[in-house]
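J.: Shown below is the structure under consideration.
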Amino acid sequence: MRLILEVWRQDGPDAEGSFETHEITDATPEMSLLELLDRLNHQLVENDLDPVAFESDCREGICGTCGLDVNGNPHGPEDNVPACGQHVRSFSDGQTVRFTPFRAKSFPVLRDLIVDRTGLDRIIQAGGTISVDAGTAPDADTLLVTHDDAERALDFAACIGCGACVSACPNGAAYLFTGAKLAHLALIPHGKEERARRARSVIAQMQSEFGPCSQIGECALACPAEIPLVAIAVVNRERLRAGFKKGKPN
Amino acid sequence: MNAKPDSTAPEQKGASVASEIDQLRVIGRPLDGKVPEVDPRDAWTDRKLHYNLVNPNNRRKFKIIVVGTGLSGAGAAAALGELGYDVEVFSFHDMPRRAHSIAAQGGINSPRARKVDNDSIDRFVKDTVKGGDFRGREEDAYRLGEEGIRVINHMQAIGAAFARDYGGQLATRSFGGVQVSRTYYTRGQTGQQLELAAAHALSRQVAAGTCKLHSRQEMLDLIVKDGRAQGIVVRDLVTGKVRALTAHAVVLCTGGYGNVYYKATLAKNSNATAIWRAYKRGAYFANPCFVQIHPTALPLMSKWQSKKTLMSESLRNDGRIWAPRKKKDDRDPNTIPEAERFYFLEERYPAFGNLVPRDVASRNIRERIDAGYGVGPLHNAVYLDFRTGIERLGVKLIRERYSNLFNMYEELTGEDPYKTPMRITPSVHFTMGGLWTDYDQMTSIPGLFIGGEASWAYHGANRLGANSLLSCCVDGWFTLPYAVPNYLAGLLGQEPLALDDQAVQDTLKGVQDGIDHLLNIGGSHGADHFYEKLGAIMDRYASVSRDPEGLATAIGLIRELRQEFWRDLKVVGSADRLNQELETAGRVADYLELAELLCIDALDRDESAGAHFRTDHEIGGEAKRNDEDWCFCSAWEYPGAVSAKPIRNFEPLTFRAVPLQQRNYK
């Protein structure tokens with residue numbers, strides 16, 4: 001297959017960027033979109049040209065490292081699939097595939113298609129954690145968790161932290177990411193102990209770097225981990241709940 | 001039973017091999033693993049009792065470097081931070097959570113023995129030691145079992161939502177090679193939930209200020225002075241800046257070296273650079289030839305496919321493995337009549353059938369492919385067929401059991417496994433070998449500690465399913481936080497090495513020169529070109545089965561390829577910016593050396609053991625161990641130059657709780 005690749009090139013966070021156009025003549029339908037970029041880079045290196053910087057790691061949809069937009073869609077044309085699982089077979093011969101970095105003010109471009117997503121990590125550092133030191137936990141069998149709560153916690157805990165939700169959102173909001181973490185930890189025995197405290201600090205950190213939620217729902221369509229859209233409502237629920245708790249931690 | 005590890009290659013294979021290996025290595029000295037001389041069951045308790053402690057007020061005066069934020073690195077850093085030490089954490093990823101522990105699927109073993117299926121720590125140790133084919137330390141396995149119990153409590157408390165029964169209790173499932181149910185899990189994403197919990201615990205310490213996180217920094221060398229590990233040199237992957245950082249101790253939790261095979265089930269960035277450069281600074285490398293090859297991964301379908309994705313072992317419960325009886329049979333598999341299908345595992349191993357252990361399945365699949373019966377566009381796979389399973393159990397039940405795996409297969413291949421048999425092939429996926437560590441997880445360089453897959457500990461010559469997540473957790477949370485302070489206690493009052501010290505400056509300069517060298521070769525091919533060739537050599541000669549002639553050939557080919565690399569490498573771009581070509585080049589340079597040591601070790605170890613299958617040492621198709629001559633861990637010492645012969649030191653292994661015995665699947 002022949003494909004035209006339009007790729008965003010940018011030397012650094014403060015540099016001007018622009019599109020570069022390349023042609024791949026031997027693409028095959030089973031190639032993933034990241035493999036298409038591998039192919040392009042091989043071609044560029046063999047011709048002494050600078051390869052396109054892009055990120056990936058596990059290439060099986062769990063690490064969340066890959067983060068780029070394809071023809072304007074986070075990760076690629078298919079909903080709820082990470083870039084490593086998106087394939088050339090979604091395109092037809094001669095079509096143009098446009099690669100751009102995740103688009104959000106809070107994700108500055110480091111180079112080409114690589115963005116800085118550590119804003120998500122700062123949300124976790126603000127309190128998206130559980131305060132239990134190594135060795136101090138009681139026997140896990142003495143803490144009962146209903147089957148359904150454990151399963152529901154996993155629905156939210158499945159977030160791979162890729163940031164597609166932020167890129168998909170016209171406001172650059174991180175509600176899906178934040179809500180998923182708040183929901184996950186609120187369903188775990190130890191997580192309940194500091195639920196209100198967590199909600200206050202985590203939501204404040206989220207608001208300091210990311211945009212507001214207008215309940216459009218693009219985030220859940222882009223999410224490769226299929227985090228339920230209800231996560232965005234969890235943010236508001238937890239905020240309200242924490243308000244009623246008047247400074248109490250749980 | 002003590003080994004006699006001073007033997008050279010035995011007589012039966014002829015003098016040529018014996019002399020061949022003598023050209024490649026020299027035999028060194030016996031090593032002391034510092035295992036307490038008590039009953040193996042009591043070893044860990046005894047060791048902890050004798051450890052030195054550091055006063056809480058003094059802990060902040062000690063700086064500890066942790067490299068890697070996977071399950072063991074994030075755990076060690078968080079635990080040491082919680083205790084009050086000054087921890088500097090390095091990761092080449094953008095965030096701690098990306099580490100490859102996240103991709104583990106099945107579960108984590110723990111002999112909590114709550115059920116009445118007669119599990120116990122002793123039984124766990126027996127399974128682990130036997131599974132490892134008696135090439136690991138019994139006492140290590142006891143620590144794994146003992147500490148494994150509270151691993152589950154801790155990981156649950158910090159966020160891993162383990163599966164629960166309807167009564168609210170923790171659920172368990174069975175796993176390969178074991179007759180009890182001791183595997184705890186969170187769906188098919190146990191590694192993800194454990195890694196996230198550990199990364200979050202680390203984040204908590206980052207917020208508390210005890211851990212400083214340095215992301216997108218790659219360790220490129222170890223600083224050794226006065227025989228102690230005292231710091232590291234890192235390159236900032238965004239700015240390209242190279243700098244040194246010194247500390248009282250260094251902990252490497254940098255994962256395995258399976259990517260030396262080019263395309264494995266590992267993440268693209270997993271690499272051996274940190275442990276390899278530590279080896280070149282004097283840390284011994286143990287059993288590099290012990291590499292686990294998983295039988296059911298997706299085959300390569302085109303030159304550009306980036307890896308072989310693992311498909312869970314559980315599929316073999318209801319799937320039947322077969323290859324056509326005709327060579328290069330390209331017909332639609334559903335049209336191939338029953339009589340023309342060879343269910344080779346079922347025919348060759350009637351008792352175990354498709355459920356033979358990983359290594360046996362891998363060898364047999366590989367034998368069919370190599371003999372020309374492979375299927376798929378590149379004829380590099382066999383079929384894993386669910387037709388009989390679906391006829392017997394119905395689509396609904398098969399869907400309940402495997403839908404996530406079937407969906408993943410369809411997502412990756414575009415084929416529907418409910419209708420068309422899957423195509424699978426063996427792939428490298430875990431390395432049991434790694435840097436040699438004593439019972440305290442300290443290497444032969446005092447002050448350098450290892451956690452997780454980067455060390456040789458626990459798994460011997462073959463790892464049991466669901467034991468890798470366990471060993472990472474035990475190292476990170478419940479071994480290193482005891483063992484590292486024991487070492488630090490003796491350094492009270494000493495400052496970390498000054499950055500203007502000659503040893504620091506020399507190491508920095510060495511790294512800088514190395515980078516410049518890579519950039520200035522000015523050859524005609526990117527690093528990937530050589531990497532692909534290396535993978536082909538390793539795959540052909542050092543994979544599921546090995547023979548002395550093939551290994552000798554491989555060593556010659558690797559040396560030639562290494563020369564070609566240093567003559568003809570091209571690195572586009574410069575060193576003072578984000579440059580992924582440069583990163584790859586450095587890693588491939590290390591693989592080209594590690595691969596040779598792996599092959600030398602495989603040639604040297606003149607027996608079969610676990611995943612190391614030598615065709616000249618088999619009994620009825622099974623690995624034939626030689627406990628008389630080879631019951632030891634090989635710990636390779638760098639001789640000071642890549643061209644010199646590495647020195648094989650050895651730690652004798654003794655088995656008191658689990659008597660030596662031959663594996664048998666007939």
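Going through the structure tokens in order, the chains are called A, B, and so on, while each chain numbers its residues from 1 and the ligands are numbered from 1 in the order shown.
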Taking the DSSP secondary structure from the backbone, can you list the residues of range 37-160 of chain B that are alpha helix (DSSP H), as a ChimeraX atom specification?
T.: /B:43-50,56-59,71-83,121-131,138-157
J.: What's around Gly243 in chain A at 12 Å? Count only C-alpha atoms, leave out sequence neighbours fewer than 2 positions away in its own chain, and write the answer as a PyMOL selection string.
T.: chain A and resi 195-200+236-241+245-250
J.: DSSP says strand (DSSP E or B) for which residues of range 92-249 of chain A? Put them as a ChimeraX atom specification?
T.: /A:96-101,109-111,114-115,173,211
J.: Skip range 553-556 of chain B itself and residues of its chain fewer than 4 positions away, then list as an NGL selection string all residues within 9 Å of it, counting only C-alpha atoms.
T.: :B and (537-538 or 540-542 or 548-549 or 560-561 or 595-597 or 599-600)
J.: Quick one: everything within 12 Å of range 341-343 of chain B, counting only C-alpha atoms, minus sequence neighbours fewer than 6 positions away in the same chain. Send it as a list in words.
T.: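 Near range 341-343 of chain B, the qualifying residues are Gly319, Arg320, Ile321, Trp322, Ala323, Pro324, Arg325, Lys326, Lys327, Asp329, Arg331, Pro333, Asn334, Thr335, Tyr349, Pro350, Gly353, Asn354, Ala361, Asn364, Ile365, Arg368, Tyr373, Gly374, Val382, Tyr383, Leu384 and Asp385 of chain B.
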J.: Write down, as number ranges by chain, each residue of chain A that has any atom within 7 Å of an atom of chain B, counting only C-alpha atoms.
T.: A: 30-31, 35, 39, 45-46, 48-50, 53, 57-60, 62-65, 85, 118, 121, 124-126, 129-130, 132-135, 137-141, 144-147, 150, 153-154, 185, 188, 190
J.: Excluding Val230 in chain A and residues on its chain fewer than 4 positions from it, collect all residues at most 10 Å away from it, counting only C-alpha atoms, and give them as a list in words.
T.: Phe156, Leu176, Gly179, Ala180, Ala183, Gly217, Ala220, Val234 and Val235 of chain A
J.: Counting only C-alpha atoms, what is within 9 Å of Gly211 in chain A, bar same-chain residues fewer than 6 positions away, as a PyMOL selection string?
T.: chain A and resi 105-106+166+169-175
J.: Could you state the separation of CA of Gln43 in chain A and CA of Glu78 in chain A in Å, given to one decimal place?
T.: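 CA of Glu78 in chain A lies 26.6 Å from CA of Gln43 in chain A.
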J.: With a distance cut-off of 8 Å and only C-alpha atoms, select the neighbouring residues of range 37-54 of chain B, excluding the residue or stretch itself and same-chain residues fewer than 4 positions from it, and output the selection as JSON, numbers by chain.
T.: {"B": [58, 59, 138, 139, 142, 143, 482, 483, 485, 486, 487, 488, 489, 656, 657]}
J.: Just write the chosen residues, N, CA, C and O atoms, as a compact mmCIF listing (two decimals), in the first residue's frame.
T.:
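And here's result_20.txt as it stands now:
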# COMPACT_ATOMS: atom_id res chain seq x y z
N ASN B 58 19.44 9.26 61.86
CA ASN B 58 20.59 9.26 60.96
C ASN B 58 20.22 8.90 59.53
O ASN B 58 21.03 9.05 58.61
N ARG B 59 19.02 8.39 59.33
CA ARG B 59 18.66 7.86 58.00
C ARG B 59 18.72 8.93 56.92
O ARG B 59 19.16 8.66 55.81
N GLU B 138 17.99 -22.47 47.37
CA GLU B 138 16.84 -22.90 48.16
C GLU B 138 16.42 -21.81 49.18
O GLU B 138 15.24 -21.53 49.38
N GLU B 139 17.41 -21.20 49.81
CA GLU B 139 17.12 -20.21 50.85
C GLU B 139 16.44 -18.98 50.27
O GLU B 139 15.60 -18.35 50.92
N TYR B 142 12.86 -19.75 49.99
CA TYR B 142 12.16 -19.64 51.29
C TYR B 142 11.80 -18.19 51.61
O TYR B 142 10.72 -17.90 52.12
N ARG B 143 12.73 -17.27 51.34
CA ARG B 143 12.42 -15.86 51.60
C ARG B 143 11.23 -15.43 50.74
O ARG B 143 10.33 -14.71 51.20
N TYR B 482 15.69 -4.01 54.29
CA TYR B 482 16.45 -4.57 55.41
C TYR B 482 17.95 -4.61 55.07
O TYR B 482 18.79 -4.32 55.92
N ALA B 483 18.24 -5.03 53.83
CA ALA B 483 19.64 -5.32 53.48
C ALA B 483 20.45 -4.05 53.20
O ALA B 483 21.63 -3.99 53.56
N PRO B 485 20.16 -0.90 54.50
CA PRO B 485 20.62 -0.25 55.75
C PRO B 485 21.74 -1.02 56.45
O PRO B 485 22.62 -0.41 57.06
N ASN B 486 21.71 -2.34 56.37
CA ASN B 486 22.78 -3.14 56.98
C ASN B 486 24.14 -2.71 56.41
O ASN B 486 25.13 -2.59 57.14
N TYR B 487 24.17 -2.43 55.12
CA TYR B 487 25.40 -1.97 54.48
C TYR B 487 25.71 -0.52 54.87
O TYR B 487 26.85 -0.17 55.19
N LEU B 488 24.68 0.31 54.88
CA LEU B 488 24.87 1.74 55.16
C LEU B 488 25.40 1.99 56.57
O LEU B 488 26.17 2.93 56.80
N ALA B 489 24.99 1.14 57.52
CA ALA B 489 25.33 1.37 58.92
C ALA B 489 26.83 1.57 59.10
O ALA B 489 27.27 2.38 59.92
N ARG B 656 19.07 -28.88 50.74
CA ARG B 656 18.82 -29.63 51.96
C ARG B 656 17.34 -29.89 52.17
O ARG B 656 16.94 -30.92 52.66
N ALA B 657 16.49 -28.95 51.79
CA ALA B 657 15.06 -29.12 52.01
C ALA B 657 14.39 -29.86 50.85
O ALA B 657 13.44 -30.60 51.04
J.: To one decimal place, how far is CA of Tyr262 in chain B from CA of Arg587 in chain B in Å?
T.: 11.2 Å
J.: Can you work out the spacing between CA of Arg348 in chain B and CA of Asn380 in chain B in Å, to one decimal?
T.: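 Computing the Euclidean distance for CA of Arg348 in chain B and CA of Asn380 in chain B yields 20.8 Å.
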J.: Point out the residue among A:Pro228, A:Gly72, A:Pro13, A:Pro77 with the least atom-to-atom distance to Lys181 in chain A, counting only C-alpha atoms.
T.: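 Of all the options, A:Pro228 lies closest to Lys181 in chain A.
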